[in-house]
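Shown next, in structure tokens, is the structure this report addresses.
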Amino acid sequence: QVRLVQSGGGLVQAGGSLRLSCQASGVPFKFATMNWYRQVPMKQRELVANITSSGSTNYANSVKSRFTVSRDNARNTVYLQMASLEPEDTAVYYCHVFSRTRDFWGQGTQVTVSS
């Protein structure tokens with residue numbers, strides 16, 4: 001059974017930093033591309049960043065140079081380090097993996113950035 005358990009997030013002032021974590025189980029983690037999405041009400045879920053099994057990373061233009069995605073294969077954990085946060089980054093953030101032809105999501109973590 002695939003499980004993605006998220007931690008981190010919360011309330012921060014603009015310009016601040018936060019780190020999200022997502023620990024995976026039930027999936028061959030070191031071979032998986034791990035994704036971070038975010039969603040605000042009335043909008044589609046947006047891909048924020050991902051990291052492949054080889055460590056290659058991709059970022060949405062809106063977060064490039066501010067967010068860093070990384071992984072620790074020994075801990076089956078992917079991280080999203082968010083810096084220089086802006087009110088527009090306020091959203092629920094989700095960890096995601098596609099495995100065995102299915103999408104799996106973390107429980108979601110609220111990130112709120114106050115101006």
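Quick note on naming: the chains in the structure tokens go A, B, ... in the order shown, residues restart at 1 in each chain, and ligands are numbered from 1 in order of appearance.
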#### Entry: Surrounding residues of Gln13 of chain A excluding itself and chain neighbours under 3 positions, 12 Å, only C-alpha atoms, as a list of chain:residue names
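Final neighbour list, sorted by chain and number: A:Gly10, A:Gly16, A:Ser17, A:Leu18, A:Ala83, A:Ser84, A:Leu85, A:Glu86, A:Pro87, A:Glu88, A:Asp89, A:Thr90, A:Val111, A:Thr112, A:Val113, A:Ser114, A:Ser115.
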Distance query segment 45-58 of chain A at most 8 Å, only C-alpha atoms, self and fewer than 4 positions along chain excluded, as a PDB file with C-alpha atoms, in the first residue's frame:
ATOM      1  CA  LYS A  30      14.689   5.504  -5.262  1.00  0.00           C
ATOM      2  CA  PHE A  31      13.302   4.803  -8.731  1.00  0.00           C
ATOM      3  CA  ALA A  32      10.369   7.201  -8.508  1.00  0.00           C
ATOM      4  CA  THR A  33       9.941  10.742  -9.738  1.00  0.00           C
ATOM      5  CA  MET A  34       8.526  12.692  -6.820  1.00  0.00           C
ATOM      6  CA  ASN A  35       6.344  15.714  -7.397  1.00  0.00           C
ATOM      7  CA  TRP A  36       5.115  18.675  -5.400  1.00  0.00           C
ATOM      8  CA  TYR A  37       1.823  20.298  -6.412  1.00  0.00           C
ATOM      9  CA  ARG A  38      -0.159  23.124  -4.910  1.00  0.00           C
ATOM     10  CA  GLN A  39      -3.769  24.159  -5.122  1.00  0.00           C
ATOM     11  CA  VAL A  40      -5.771  27.230  -4.249  1.00  0.00           C
ATOM     12  CA  VAL A  63       9.031  29.413  -8.005  1.00  0.00           C
ATOM     13  CA  VAL A  69      13.311  20.200  -4.199  1.00  0.00           C
ATOM     14  CA  SER A  70      15.567  17.444  -2.866  1.00  0.00           C
ATOM     15  CA  ARG A  71      15.353  13.826  -1.853  1.00  0.00           C
TER      16      ARG A  71
END
### Query
Where does DSSP see helix (DSSP H, G or I) in segment 42-105 of chain A, if you list the residues as a ChimeraX atom specification?
/A:73-75,87-89
### Query
atom CA of Gln23 of chain A and atom CA of Val78 of chain A are how many Å apart?
6.6 Å
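Comparing the minimum interatomic distances between Thr68 of chain A and each of A:Leu20, A:Leu4, A:Val97, A:Ala91, counting only C-alpha atoms, we find that A:Leu20 sits nearest.
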